[in-house]
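Notes to accompany the following structure.
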Protein chains: 2
Amino acid sequence: MKLSTKGRYGLKAMLDLAIHHSEGQISLKSIAERQDISENYLEQLFAILRKSGIVKSIRGSQGGYVLAQGPDSITVGSILRALEGSLAPVDCVMETEPAQCNRAEGCVTKLIWKKIRDSVNDVVDSITLEDLITEYKKANNKDDYMYYI
Amino acid sequence: MKLSTKGRYGLKAMLDLAIHHSEGQISLKSIAERQDISENYLEQLFAILRKSGIVKSIRGSQGGYVLAQGPDSITVGSILRALEGSLAPVDCVMETEPAQCNRAEGCVTKLIWKKIRDSVNDVVDSITLEDLITEYKKANNKDDYMYYI
DNA sequence: GAAAAGCCGAGTAATATACTTGGGATTGGG
DNA sequence: CCCAATCCCAAGTATATTACTCGGCTTTTC
């Protein structure tokens, strides 16, 4: 039941991007340095995020990434699901195209997997990047951030 | 964020065992056949469950396993955590000996991981094997069960 | 005493993860 | 106009994990 580095790194990087939202596009290189993540690996994560419509890219020198919407419109859930796929604990209860199971009729454990899925989704869908920025400012109690996330 | 077969098979097997609770000890062979799980693999899972005090074994011919407590006292959470380890989505928020992180101070994403952990635990700790048996009887609407779980 | 069960440790094939590598395309600044 | 910075993309790879299998021992009933 662990999240992979995709979700963990991806969310950290997205929060970093959100914190720098007002500065225009931000290069992956700078995010990678601040968050101590492989830049090449981050590229792969941002390719997914871009295709999901969560970030926009600006190519060329001085290019980078920007949030596609305001931080208050981007939920943690949309980021995690983009990167990790469904957060369902078992494939048979994935939101889209659930895996077929020959014993699905009268399957009792499925009820549990659905409850877990829904409760995880409820948590992550209720938190936006804006919320995290607020928490971040509170925790670090300063205006020039330490960039530690 | 997927559960492994340990958790999935283990819970199915435990529910099977609970359904046959009144019949005394049940052999892994019969559970393996009904649930279509490798018997050798089930052995490993039940070794864990036994060491966790969730089931008791009876050795020798005609031996098998029995629930260590009544189905109403065994939660899905205790079974899943025994088999899967902590259900925390990230090691830094495991209930016991959380992984140390050099950026733990002011870490914002950690708040999310804790919320996910707690909500998953709340779900699985609120469901007992007894609850599942009840659901099972309701879904299958008969007294001699199909044993499909 | 033989068969049926649990117990145990080691081995292994397949899969997934977490990257790295090497290049190509685009664009701003000198 | 070139070049460095940056995004873009596909493929390769080392490591770890998963999901088992295998072989043999121990205990107990019939």
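Every chain in the structure tokens takes a letter, A first, then B, and so on in the order presented; its residues are numbered from 1, and the ligands are numbered from 1 following the presented order.
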
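Residues within 10 Å of Asp122 in chain B, counting only C-alpha atoms (C1' of nucleotides) and excluding same-chain residues fewer than 5 positions away, are Ile116 and Ser119 of chain A; Gly77, Ile116, Arg117 and Ile127 of chain B.
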
For N, CA, C and O atoms, I'd like the residues from the last selection saved as an mmCIF file, in the first residue's frame.
```
data_model
loop_
_atom_site.group_PDB
_atom_site.id
_atom_site.type_symbol
_atom_site.label_atom_id
_atom_site.label_comp_id
_atom_site.auth_asym_id
_atom_site.auth_seq_id
_atom_site.Cartn_x
_atom_site.Cartn_y
_atom_site.Cartn_z
ATOM 1 N N ILE A 116 -12.022 1.725 1.060
ATOM 2 C CA ILE A 116 -10.667 2.276 1.152
ATOM 3 C C ILE A 116 -10.437 3.273 0.015
ATOM 4 O O ILE A 116 -9.969 4.393 0.227
ATOM 5 N N SER A 119 -12.318 6.493 0.637
ATOM 6 C CA SER A 119 -11.833 7.324 1.730
ATOM 7 C C SER A 119 -10.498 7.969 1.379
ATOM 8 O O SER A 119 -10.238 9.116 1.740
ATOM 9 N N GLY B 77 -8.488 -4.716 9.618
ATOM 10 C CA GLY B 77 -7.252 -3.967 9.793
ATOM 11 C C GLY B 77 -6.145 -4.810 10.404
ATOM 12 O O GLY B 77 -5.004 -4.760 9.948
ATOM 13 N N ILE B 116 -4.078 10.207 5.001
ATOM 14 C CA ILE B 116 -4.398 8.992 4.232
ATOM 15 C C ILE B 116 -4.268 7.771 5.140
ATOM 16 O O ILE B 116 -5.156 6.926 5.213
ATOM 17 N N ARG B 117 -3.145 7.701 5.833
ATOM 18 C CA ARG B 117 -2.921 6.586 6.755
ATOM 19 C C ARG B 117 -4.074 6.431 7.731
ATOM 20 O O ARG B 117 -4.634 5.339 7.891
ATOM 21 N N ILE B 127 -14.218 -2.662 10.434
ATOM 22 C CA ILE B 127 -14.881 -3.832 9.848
ATOM 23 C C ILE B 127 -14.298 -5.108 10.455
ATOM 24 O O ILE B 127 -13.083 -5.288 10.466
#
```

Could you tell me, as a PyMOL selection string, which residues of range 81-144 of chain A DSSP assigns to helix (DSSP H, G or I) when given the backbone? chain A and resi 81-84+91-93+109-125+129-140

Write down, as number ranges by chain, each residue of chain A that has any atom within 10 Å of an atom of chain B, counting only C-alpha atoms. A: 1-5, 7-8, 11-12, 15, 35, 76, 84-91, 102-113, 115-124, 127, 131-141, 146, 148-149

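Using only C-alpha atoms (C1' of nucleotides), the contacts of DA16 in chain D at a cut-off of 12 Å, with sequence neighbours closer than 4 positions omitted, comprise C:DT15, C:DA16, C:DT17, C:DA18.
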
Specify as a list in words all residues of chain A found within 12 Å of chain C, counting only C-alpha atoms (C1' of nucleotides). Leu3, Ser4, Thr5, Lys6, Tyr9, Ile37, Ser38, Glu39, Asn40, Tyr41, Leu42, Glu43, Gln44, Leu45, Ser57, Ile58, Arg59, Gly60, Ser61, Gln62, Gly63 and Gly64 of chain A

Resulting file, chosen residues, N, CA, C and O atoms, as a PDB file, in the first residue's frame:
```
ATOM      1  N   LEU A   3       2.899   4.395  -1.719  1.00  0.00           N
ATOM      2  CA  LEU A   3       2.998   5.265  -2.879  1.00  0.00           C
ATOM      3  C   LEU A   3       4.404   5.086  -3.458  1.00  0.00           C
ATOM      4  O   LEU A   3       5.349   4.871  -2.718  1.00  0.00           O
ATOM      5  N   SER A   4       4.534   5.210  -4.764  1.00  0.00           N
ATOM      6  CA  SER A   4       5.865   5.134  -5.361  1.00  0.00           C
ATOM      7  C   SER A   4       6.500   6.528  -5.353  1.00  0.00           C
ATOM      8  O   SER A   4       5.872   7.517  -4.969  1.00  0.00           O
ATOM      9  N   THR A   5       7.764   6.581  -5.780  1.00  0.00           N
ATOM     10  CA  THR A   5       8.430   7.882  -5.844  1.00  0.00           C
ATOM     11  C   THR A   5       7.736   8.813  -6.837  1.00  0.00           C
ATOM     12  O   THR A   5       7.857  10.034  -6.713  1.00  0.00           O
ATOM     13  N   LYS A   6       7.044   8.235  -7.811  1.00  0.00           N
ATOM     14  CA  LYS A   6       6.318   9.102  -8.750  1.00  0.00           C
ATOM     15  C   LYS A   6       5.393  10.043  -8.000  1.00  0.00           C
ATOM     16  O   LYS A   6       5.410  11.253  -8.209  1.00  0.00           O
ATOM     17  N   TYR A   9       7.634  12.273  -5.223  1.00  0.00           N
ATOM     18  CA  TYR A   9       8.435  13.307  -5.877  1.00  0.00           C
ATOM     19  C   TYR A   9       7.539  14.282  -6.637  1.00  0.00           C
ATOM     20  O   TYR A   9       7.761  15.491  -6.611  1.00  0.00           O
ATOM     21  N   ILE A  37      16.023  15.826  -6.394  1.00  0.00           N
ATOM     22  CA  ILE A  37      15.449  14.754  -7.208  1.00  0.00           C
ATOM     23  C   ILE A  37      16.193  14.769  -8.542  1.00  0.00           C
ATOM     24  O   ILE A  37      16.578  15.828  -9.023  1.00  0.00           O
ATOM     25  N   SER A  38      16.394  13.595  -9.120  1.00  0.00           N
ATOM     26  CA  SER A  38      17.040  13.515 -10.431  1.00  0.00           C
ATOM     27  C   SER A  38      16.250  14.315 -11.462  1.00  0.00           C
ATOM     28  O   SER A  38      15.048  14.143 -11.621  1.00  0.00           O
ATOM     29  N   GLU A  39      16.956  15.205 -12.164  1.00  0.00           N
ATOM     30  CA  GLU A  39      16.269  16.052 -13.132  1.00  0.00           C
ATOM     31  C   GLU A  39      15.671  15.208 -14.264  1.00  0.00           C
ATOM     32  O   GLU A  39      14.546  15.450 -14.699  1.00  0.00           O
ATOM     33  N   ASN A  40      16.419  14.226 -14.713  1.00  0.00           N
ATOM     34  CA  ASN A  40      15.912  13.384 -15.796  1.00  0.00           C
ATOM     35  C   ASN A  40      14.653  12.636 -15.392  1.00  0.00           C
ATOM     36  O   ASN A  40      13.751  12.453 -16.199  1.00  0.00           O
ATOM     37  N   TYR A  41      14.638  12.202 -14.154  1.00  0.00           N
ATOM     38  CA  TYR A  41      13.449  11.486 -13.666  1.00  0.00           C
ATOM     39  C   TYR A  41      12.269  12.444 -13.571  1.00  0.00           C
ATOM     40  O   TYR A  41      11.141  12.105 -13.953  1.00  0.00           O
ATOM     41  N   LEU A  42      12.535  13.648 -13.099  1.00  0.00           N
ATOM     42  CA  LEU A  42      11.468  14.654 -13.000  1.00  0.00           C
ATOM     43  C   LEU A  42      10.851  14.933 -14.368  1.00  0.00           C
ATOM     44  O   LEU A  42       9.653  15.157 -14.491  1.00  0.00           O
ATOM     45  N   GLU A  43      11.694  14.906 -15.393  1.00  0.00           N
ATOM     46  CA  GLU A  43      11.185  15.108 -16.753  1.00  0.00           C
ATOM     47  C   GLU A  43      10.056  14.141 -17.069  1.00  0.00           C
ATOM     48  O   GLU A  43       9.045  14.512 -17.655  1.00  0.00           O
ATOM     49  N   GLN A  44      10.281  12.895 -16.682  1.00  0.00           N
ATOM     50  CA  GLN A  44       9.259  11.876 -16.957  1.00  0.00           C
ATOM     51  C   GLN A  44       7.971  12.170 -16.199  1.00  0.00           C
ATOM     52  O   GLN A  44       6.875  12.021 -16.732  1.00  0.00           O
ATOM     53  N   LEU A  45       8.127  12.613 -14.965  1.00  0.00           N
ATOM     54  CA  LEU A  45       6.936  12.914 -14.180  1.00  0.00           C
ATOM     55  C   LEU A  45       6.185  14.109 -14.767  1.00  0.00           C
ATOM     56  O   LEU A  45       4.959  14.107 -14.856  1.00  0.00           O
ATOM     57  N   SER A  57       3.936  23.630 -20.357  1.00  0.00           N
ATOM     58  CA  SER A  57       5.372  23.802 -20.551  1.00  0.00           C
ATOM     59  C   SER A  57       5.641  24.980 -21.474  1.00  0.00           C
ATOM     60  O   SER A  57       4.822  25.328 -22.323  1.00  0.00           O
ATOM     61  N   ILE A  58       6.784  25.608 -21.257  1.00  0.00           N
ATOM     62  CA  ILE A  58       7.268  26.643 -22.159  1.00  0.00           C
ATOM     63  C   ILE A  58       8.655  26.202 -22.605  1.00  0.00           C
ATOM     64  O   ILE A  58       9.554  26.032 -21.778  1.00  0.00           O
ATOM     65  N   ARG A  59       8.776  25.952 -23.888  1.00  0.00           N
ATOM     66  CA  ARG A  59      10.010  25.357 -24.395  1.00  0.00           C
ATOM     67  C   ARG A  59      11.069  26.426 -24.655  1.00  0.00           C
ATOM     68  O   ARG A  59      10.798  27.622 -24.599  1.00  0.00           O
ATOM     69  N   GLY A  60      12.243  25.942 -24.943  1.00  0.00           N
ATOM     70  CA  GLY A  60      13.335  26.836 -25.304  1.00  0.00           C
ATOM     71  C   GLY A  60      14.085  27.378 -24.108  1.00  0.00           C
ATOM     72  O   GLY A  60      13.748  27.109 -22.957  1.00  0.00           O
ATOM     73  N   SER A  61      15.133  28.136 -24.419  1.00  0.00           N
ATOM     74  CA  SER A  61      15.947  28.746 -23.368  1.00  0.00           C
ATOM     75  C   SER A  61      15.061  29.604 -22.464  1.00  0.00           C
ATOM     76  O   SER A  61      14.137  30.242 -22.929  1.00  0.00           O
ATOM     77  N   GLN A  62      15.355  29.579 -21.200  1.00  0.00           N
ATOM     78  CA  GLN A  62      14.555  30.296 -20.192  1.00  0.00           C
ATOM     79  C   GLN A  62      13.141  29.710 -20.073  1.00  0.00           C
ATOM     80  O   GLN A  62      12.258  30.370 -19.555  1.00  0.00           O
ATOM     81  N   GLY A  63      12.972  28.538 -20.639  1.00  0.00           N
ATOM     82  CA  GLY A  63      11.655  27.893 -20.566  1.00  0.00           C
ATOM     83  C   GLY A  63      11.431  27.273 -19.207  1.00  0.00           C
ATOM     84  O   GLY A  63      12.212  27.476 -18.273  1.00  0.00           O
ATOM     85  N   GLY A  64      10.377  26.508 -19.108  1.00  0.00           N
ATOM     86  CA  GLY A  64      10.069  25.861 -17.837  1.00  0.00           C
ATOM     87  C   GLY A  64       8.624  25.420 -17.795  1.00  0.00           C
ATOM     88  O   GLY A  64       7.990  25.223 -18.831  1.00  0.00           O
TER      89      GLY A  64
END
```

Can you list, as a list in words, every residue of range 18-147 of chain B that DSSP puts in strand (DSSP E or B)? Ile26, Val55, Lys56, Ser57, Ile58, Gly64, Tyr65, Val66, Leu67, Thr75 and Thr128 of chain B

May I ask you to extract the residues of chain D within 9 Å of chain A, using only C-alpha atoms (C1' of nucleotides), and to give them as a PyMOL selection string? chain D and resi 4-8
